[in-house]
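Have a look at model-v6.tsv below; it lists TSV, C-alpha atoms.
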```tsv
chain	number	residue	atom	x	y	z
H	559	GLY	CA	9.68	8.49	-2.36
H	560	GLU	CA	9.61	11.33	0.08
H	561	SER	CA	11.08	10.81	3.49
H	562	VAL	CA	8.53	10.36	6.25
H	563	GLY	CA	8.60	12.12	9.58
H	564	LEU	CA	7.73	10.56	12.89
H	565	HIS	CA	4.57	12.59	13.30
H	566	LEU	CA	1.78	12.20	10.82
H	567	PRO	CA	-0.16	15.27	9.75
H	568	THR	CA	-3.64	15.35	11.23
H	569	LEU	CA	-6.94	16.73	10.06
H	570	SER	CA	-9.88	17.08	12.39
H	571	VAL	CA	-13.33	17.90	10.99
H	572	GLN	CA	-16.96	17.90	12.03
H	573	GLU	CA	-19.40	15.38	10.60
H	574	GLY	CA	-20.92	16.76	7.43
H	575	ASP	CA	-17.99	19.02	6.57
H	576	ASN	CA	-15.92	18.53	3.46
H	577	SER	CA	-12.36	17.27	4.02
H	578	ILE	CA	-9.29	17.93	1.93
H	579	ILE	CA	-6.21	15.80	2.41
H	580	ASN	CA	-3.03	16.84	0.66
H	581	CYS	CA	-0.01	14.94	-0.58
H	582	ALA	CA	3.24	16.02	-2.18
H	583	TYR	CA	4.71	13.31	-4.38
H	584	SER	CA	8.36	12.91	-5.15
H	585	ASN	CA	8.93	11.86	-8.75
H	586	SER	CA	7.94	14.18	-11.57
H	587	ALA	CA	7.93	11.18	-13.92
H	588	SER	CA	5.33	9.25	-11.90
H	589	ASP	CA	2.23	8.76	-13.98
H	590	TYR	CA	-0.22	6.87	-11.81
H	591	PHE	CA	-1.44	7.83	-8.36
H	592	ILE	CA	-3.63	6.11	-5.81
H	593	TRP	CA	-5.31	7.06	-2.56
H	594	TYR	CA	-5.71	4.46	0.18
H	595	LYS	CA	-7.63	4.48	3.44
H	596	GLN	CA	-6.36	2.50	6.41
H	597	GLU	CA	-8.54	1.94	9.43
H	598	SER	CA	-7.03	0.94	12.73
H	599	GLY	CA	-5.94	-2.71	12.71
H	600	LYS	CA	-6.68	-3.25	9.03
H	601	GLY	CA	-4.85	-3.28	5.74
H	602	PRO	CA	-5.05	-0.31	3.36
H	603	GLN	CA	-8.17	-0.07	1.23
H	604	PHE	CA	-8.23	1.37	-2.29
H	605	ILE	CA	-10.25	4.58	-2.59
H	606	ILE	CA	-9.57	6.14	-5.98
H	607	ASP	CA	-6.82	6.46	-8.56
H	608	ILE	CA	-5.81	8.91	-11.27
H	609	ARG	CA	-3.43	8.89	-14.20
H	610	SER	CA	-1.11	11.75	-14.99
H	611	ASN	CA	-3.00	12.63	-18.15
H	612	MET	CA	-5.91	13.74	-15.96
H	613	ASP	CA	-6.16	16.53	-13.43
H	614	LYS	CA	-9.38	15.48	-11.74
H	615	ARG	CA	-11.31	12.32	-11.12
H	616	GLN	CA	-14.48	11.81	-9.13
H	617	GLY	CA	-15.83	8.83	-7.28
H	618	GLN	CA	-18.59	8.37	-4.79
H	619	ARG	CA	-18.18	11.27	-2.32
H	620	VAL	CA	-14.49	11.52	-3.21
H	621	THR	CA	-12.56	13.61	-5.72
H	622	VAL	CA	-8.87	13.43	-6.48
H	623	LEU	CA	-7.06	16.43	-7.91
H	624	LEU	CA	-3.65	16.25	-9.52
H	625	ASN	CA	-1.36	19.23	-10.06
H	626	LYS	CA	1.69	18.00	-11.92
H	627	THR	CA	3.30	21.43	-12.03
H	628	VAL	CA	3.88	21.42	-8.29
H	629	LYS	CA	3.76	17.62	-7.81
H	630	HIS	CA	0.70	17.80	-5.59
H	631	LEU	CA	-2.20	15.46	-5.10
H	632	SER	CA	-5.30	16.05	-3.03
H	633	LEU	CA	-8.23	13.95	-1.89
H	634	GLN	CA	-11.52	15.68	-1.23
H	635	ILE	CA	-14.17	13.88	0.78
H	636	ALA	CA	-17.65	15.35	0.65
H	637	ALA	CA	-19.98	15.28	3.65
H	638	THR	CA	-17.43	13.55	5.84
H	639	GLN	CA	-18.80	10.88	8.15
H	640	PRO	CA	-17.42	9.34	11.36
H	641	GLY	CA	-16.75	6.16	9.38
H	642	ASP	CA	-14.28	8.13	7.28
H	643	SER	CA	-11.96	8.45	10.29
H	644	ALA	CA	-8.74	6.68	9.29
H	645	VAL	CA	-5.23	7.24	8.02
H	646	TYR	CA	-5.14	8.24	4.35
H	647	PHE	CA	-2.14	7.51	2.16
H	648	CYS	CA	-1.29	8.69	-1.30
H	649	ALA	CA	0.92	6.48	-3.44
H	650	GLU	CA	2.72	7.02	-6.72
H	651	ASN	CA	3.89	4.71	-9.46
H	652	PHE	CA	6.82	5.43	-11.68
H	653	PRO	CA	6.73	3.05	-14.65
H	654	GLU	CA	10.17	1.48	-14.76
H	655	GLY	CA	11.48	1.03	-18.23
H	656	GLY	CA	8.50	3.02	-19.37
H	657	THR	CA	6.15	0.06	-19.10
H	658	SER	CA	6.33	-1.69	-15.75
H	659	TYR	CA	3.71	-0.68	-13.23
H	660	GLY	CA	4.96	-2.89	-10.45
H	661	LYS	CA	6.53	-0.48	-7.99
H	662	LEU	CA	4.57	1.69	-5.63
H	663	THR	CA	5.85	4.39	-3.29
H	664	PHE	CA	3.64	5.58	-0.46
H	665	GLY	CA	3.44	8.98	1.14
H	666	GLN	CA	3.59	9.38	4.91
H	667	GLY	CA	-0.13	9.45	5.51
H	668	THR	CA	-2.60	11.85	7.13
H	669	ILE	CA	-4.77	11.04	10.12
H	670	LEU	CA	-8.37	12.13	9.56
H	671	THR	CA	-10.61	12.38	12.61
H	672	VAL	CA	-14.30	13.09	12.14
H	673	HIS	CA	-16.23	14.34	15.15
H	674	PRO	CA	-19.98	13.60	15.37
E	843	GLU	CA	-15.51	-14.44	-0.41
E	844	ALA	CA	-12.81	-12.69	-2.42
E	845	GLN	CA	-9.86	-12.07	-0.15
E	846	VAL	CA	-6.15	-12.02	0.51
E	847	THR	CA	-5.11	-14.16	3.46
E	848	GLN	CA	-1.88	-14.07	5.41
E	849	ASN	CA	-0.49	-16.52	7.93
E	850	PRO	CA	0.48	-16.24	10.63
E	851	ARG	CA	-1.20	-13.03	11.79
E	852	TYR	CA	1.18	-12.66	14.70
E	853	LEU	CA	4.64	-14.09	15.15
E	854	ILE	CA	7.36	-13.63	17.72
E	855	THR	CA	10.67	-15.21	16.82
E	856	VAL	CA	14.37	-15.00	17.56
E	857	THR	CA	17.23	-13.62	15.52
E	858	GLY	CA	18.45	-15.99	12.83
E	859	LYS	CA	15.57	-18.45	12.85
E	860	LYS	CA	14.25	-18.79	9.31
E	861	LEU	CA	10.58	-18.06	8.85
E	862	THR	CA	8.00	-17.86	6.10
E	863	VAL	CA	4.91	-15.68	5.99
E	864	THR	CA	2.37	-17.06	3.57
E	865	CYS	CA	0.08	-15.02	1.35
E	866	SER	CA	-2.74	-16.43	-0.71
E	867	GLN	CA	-5.42	-14.81	-2.88
E	868	ASN	CA	-8.52	-16.43	-4.34
E	869	MET	CA	-9.26	-13.81	-7.00
E	870	ASN	CA	-7.02	-15.16	-9.79
E	871	HIS	CA	-5.00	-11.96	-9.62
E	872	GLU	CA	-1.89	-11.57	-11.74
E	873	TYR	CA	-0.05	-9.09	-9.52
E	874	MET	CA	1.04	-9.61	-5.91
E	875	SER	CA	3.23	-7.56	-3.63
E	876	TRP	CA	4.66	-7.38	-0.11
E	877	TYR	CA	4.93	-4.25	2.01
E	878	ARG	CA	6.16	-3.47	5.46
E	879	GLN	CA	4.73	-0.73	7.63
E	880	ASP	CA	6.72	0.98	10.35
E	881	PRO	CA	5.81	3.95	12.55
E	882	GLY	CA	7.11	7.14	11.03
E	883	LEU	CA	8.16	5.40	7.82
E	884	GLY	CA	4.81	4.46	6.37
E	885	LEU	CA	4.37	1.62	3.90
E	886	ARG	CA	7.37	0.46	1.92
E	887	GLN	CA	7.38	-2.09	-0.85
E	888	ILE	CA	9.60	-5.15	-0.37
E	889	TYR	CA	9.03	-7.29	-3.46
E	890	TYR	CA	6.40	-7.63	-6.13
E	891	SER	CA	5.42	-10.17	-8.74
E	892	MET	CA	3.80	-9.33	-12.05
E	893	ASN	CA	2.98	-12.98	-12.76
E	894	VAL	CA	3.99	-16.55	-12.01
E	895	GLU	CA	7.78	-16.95	-11.88
E	896	VAL	CA	8.27	-13.17	-12.29
E	897	THR	CA	9.44	-11.27	-9.22
E	898	ASP	CA	11.16	-7.90	-8.76
E	899	LYS	CA	12.60	-5.86	-5.96
E	900	GLY	CA	10.74	-3.03	-4.34
E	901	ASP	CA	12.34	-0.29	-2.30
E	902	VAL	CA	13.46	-2.40	0.69
E	903	PRO	CA	14.25	-5.98	-0.49
E	904	GLU	CA	17.34	-6.59	1.66
E	905	GLY	CA	16.95	-9.54	4.00
E	906	TYR	CA	13.88	-10.93	2.23
E	907	LYS	CA	13.17	-13.53	-0.43
E	908	VAL	CA	10.01	-14.33	-2.32
E	909	SER	CA	8.80	-16.91	-4.78
E	910	ARG	CA	5.83	-17.14	-7.11
E	911	LYS	CA	5.47	-20.73	-8.20
E	912	GLU	CA	1.72	-20.53	-8.60
E	913	LYS	CA	-0.63	-17.65	-9.21
E	914	ARG	CA	-2.48	-17.71	-5.90
E	915	ASN	CA	0.50	-17.84	-3.50
E	916	PHE	CA	3.31	-15.39	-2.81
E	917	PRO	CA	5.26	-16.33	0.33
E	918	LEU	CA	7.70	-13.97	2.02
E	919	ILE	CA	10.81	-15.66	3.37
E	920	LEU	CA	13.16	-14.29	5.99
E	921	GLU	CA	16.22	-16.55	5.87
E	922	SER	CA	17.90	-15.00	8.92
E	923	PRO	CA	15.56	-12.53	10.62
E	924	SER	CA	17.04	-9.61	12.51
E	925	PRO	CA	15.43	-7.19	14.99
E	926	ASN	CA	15.25	-4.46	12.33
E	927	GLN	CA	12.76	-6.65	10.49
E	928	THR	CA	10.29	-6.28	13.33
E	929	SER	CA	7.36	-4.73	11.52
E	930	LEU	CA	3.79	-5.06	10.29
E	931	TYR	CA	3.74	-6.85	6.95
E	932	PHE	CA	1.03	-6.63	4.31
E	933	CYS	CA	0.50	-8.71	1.23
E	934	ALA	CA	-1.58	-7.31	-1.63
E	935	SER	CA	-2.84	-8.42	-5.01
E	936	SER	CA	-4.48	-6.84	-8.04
E	937	LEU	CA	-6.17	-8.11	-11.15
E	938	GLY	CA	-4.09	-6.18	-13.65
E	939	THR	CA	-0.41	-6.46	-14.38
E	940	GLY	CA	0.53	-3.77	-11.93
E	941	VAL	CA	-0.37	-1.84	-8.82
E	942	TYR	CA	-3.93	-1.04	-9.93
E	943	GLU	CA	-6.59	-1.24	-7.24
E	944	GLN	CA	-4.74	-3.55	-4.92
E	945	TYR	CA	-6.53	-5.64	-2.32
E	946	PHE	CA	-4.57	-5.88	0.90
E	947	GLY	CA	-4.44	-8.72	3.37
E	948	PRO	CA	-5.07	-8.23	7.10
E	949	GLY	CA	-1.39	-7.94	7.99
E	950	THR	CA	1.19	-10.00	9.89
E	951	ARG	CA	2.71	-8.52	13.01
E	952	LEU	CA	6.29	-9.85	13.26
E	953	THR	CA	8.57	-9.34	16.25
E	954	VAL	CA	12.18	-10.48	16.08
E	955	THR	CA	14.01	-10.55	19.41
```
In structure tokens, how does this file's structure come out?
Amino acid sequence: GESVGLHLPTLSVQEGDNSIINCAYSNSASDYFIWYKQESGKGPQFIIDIRSNMDKRQGQRVTVLLNKTVKHLSLQIAATQPGDSAVYFCAENFPEGGTSYGKLTFGQGTILTVHP
Amino acid sequence: EAQVTQNPRYLITVTGKKLTVTCSQNMNHEYMSWYRQDPGLGLRQIYYSMNVEVTDKGDVPEGYKVSRKEKRNFPLILESPSPNQTSLYFCASSLGTGVYEQYFGPGTRLTVT
């Protein structure tokens, strides 16, 4: 996975705005990607996932976009709310041996702050 | 309530004193995994288990052992803890045979002096 710096990227938005959180993944052969949300003092929480045979997937208020050409993943949050304030991580899975989906590599995370 | 539980939640110990962090899930999940989280380094996978008696190394397995004797439990063992293992540890599980939609435990804050 990509190396992680000491300082997390931050994104600050106003309540009601749309948020876009970006992630560059490391392995061009990765074929499954996940976004997690981590609130202060809690474990990560699954948000949405996408396989490499898709370029877009939508959930409730969230959309994940995948651009395999440039190894880029983004999470869009519509009508961002104060409760969305958290650290957001992308994660990638490279299927070892072509079949094993056991390993997961996380990105460095982005701090999202939503102002009322 | 469906959940992943970890014990203890907080632990301060000394170098070299063997310890075990327990992880248990009540969702009959096949897959379980351990991660550590460090400032500036994010979450890194230590070990994972695709099923009972099947375990594999993640990205940072050195200094750790695991076992999966029964489906619900996946303990993390530090035979001889060192200060560089001071970290926040998370256990996770998922229904499928892989990393799909993992449920994470609340975390164990470990300090090794």
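With all atoms listed in the file taken into account, chain H has Ser561, Val562, Gly563, Leu564, His565, Leu566, Gly599, Lys600, Gly601, Pro602, Gln603, Phe604, Asp607, Asn651, Ser658, Tyr659, Gly660, Lys661, Leu662, Thr663, Phe664, Gly665, Gln666 and Gly667 of chain H at most 8 Å from chain E.
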Near-stretch 615-621 of chain H list (8 Å; only C-alpha atoms; drop same-chain fewer than 2 positions) as a VMD selection string: chain H and resid 606 to 608 612 to 613 623 633 to 637
Nearby residues, (-2.7, -12.2, -7.8) file frame, 7 Å, only C-alpha atoms, as number ranges by chain: E: 867, 869-874, 913-914, 935-937
Radius query 8 Å about (-3.4, 4.0, 0.1), atoms used: only C-alpha atoms, as a count of residues only: 14
What lies within 9 Å of E:Asn849 using all atoms listed in the file, ignoring chain neighbours under 4 positions off, as a short mmCIF file (atom, residue, chain, number, x, y, z; two decimals) with C-alpha atoms, in the coordinates of the input?
```
data_model
loop_
_atom_site.label_atom_id
_atom_site.label_comp_id
_atom_site.auth_asym_id
_atom_site.auth_seq_id
_atom_site.Cartn_x
_atom_site.Cartn_y
_atom_site.Cartn_z
CA THR E 862 8.00 -17.86 6.10
CA VAL E 863 4.91 -15.68 5.99
CA THR E 864 2.37 -17.06 3.57
CA CYS E 865 0.08 -15.02 1.35
CA SER E 866 -2.74 -16.43 -0.71
CA GLY E 949 -1.39 -7.94 7.99
CA THR E 950 1.19 -10.00 9.89
#
```
Might I get the box with edges along x, y and z of the file that holds all atoms of stretch 847-857 of chain E listed there, padded by 3 Å on every side, given as centre and edge lengths in Å to one decimal, as JSON?
```
{"center_x": 6.1, "center_y": -14.6, "center_z": 10.6, "size_x": 28.3, "size_y": 9.9, "size_z": 20.3}
```
Distance criterion (all atoms listed in the file): nearest to H:Thr568 out of H:Ser632, H:Ser610, H:Glu650, H:Ser643: H:Ser643
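In terms of minimum interatomic distance to H:Thr638, H:Pro674 ranks closest within H:Ala582, H:Pro674, H:Phe652, H:Ile669, counting all atoms listed in the file.
If you look at atom CA of H:Lys626 and atom CA of H:Gly655, they are 20.6 Å away from each other.
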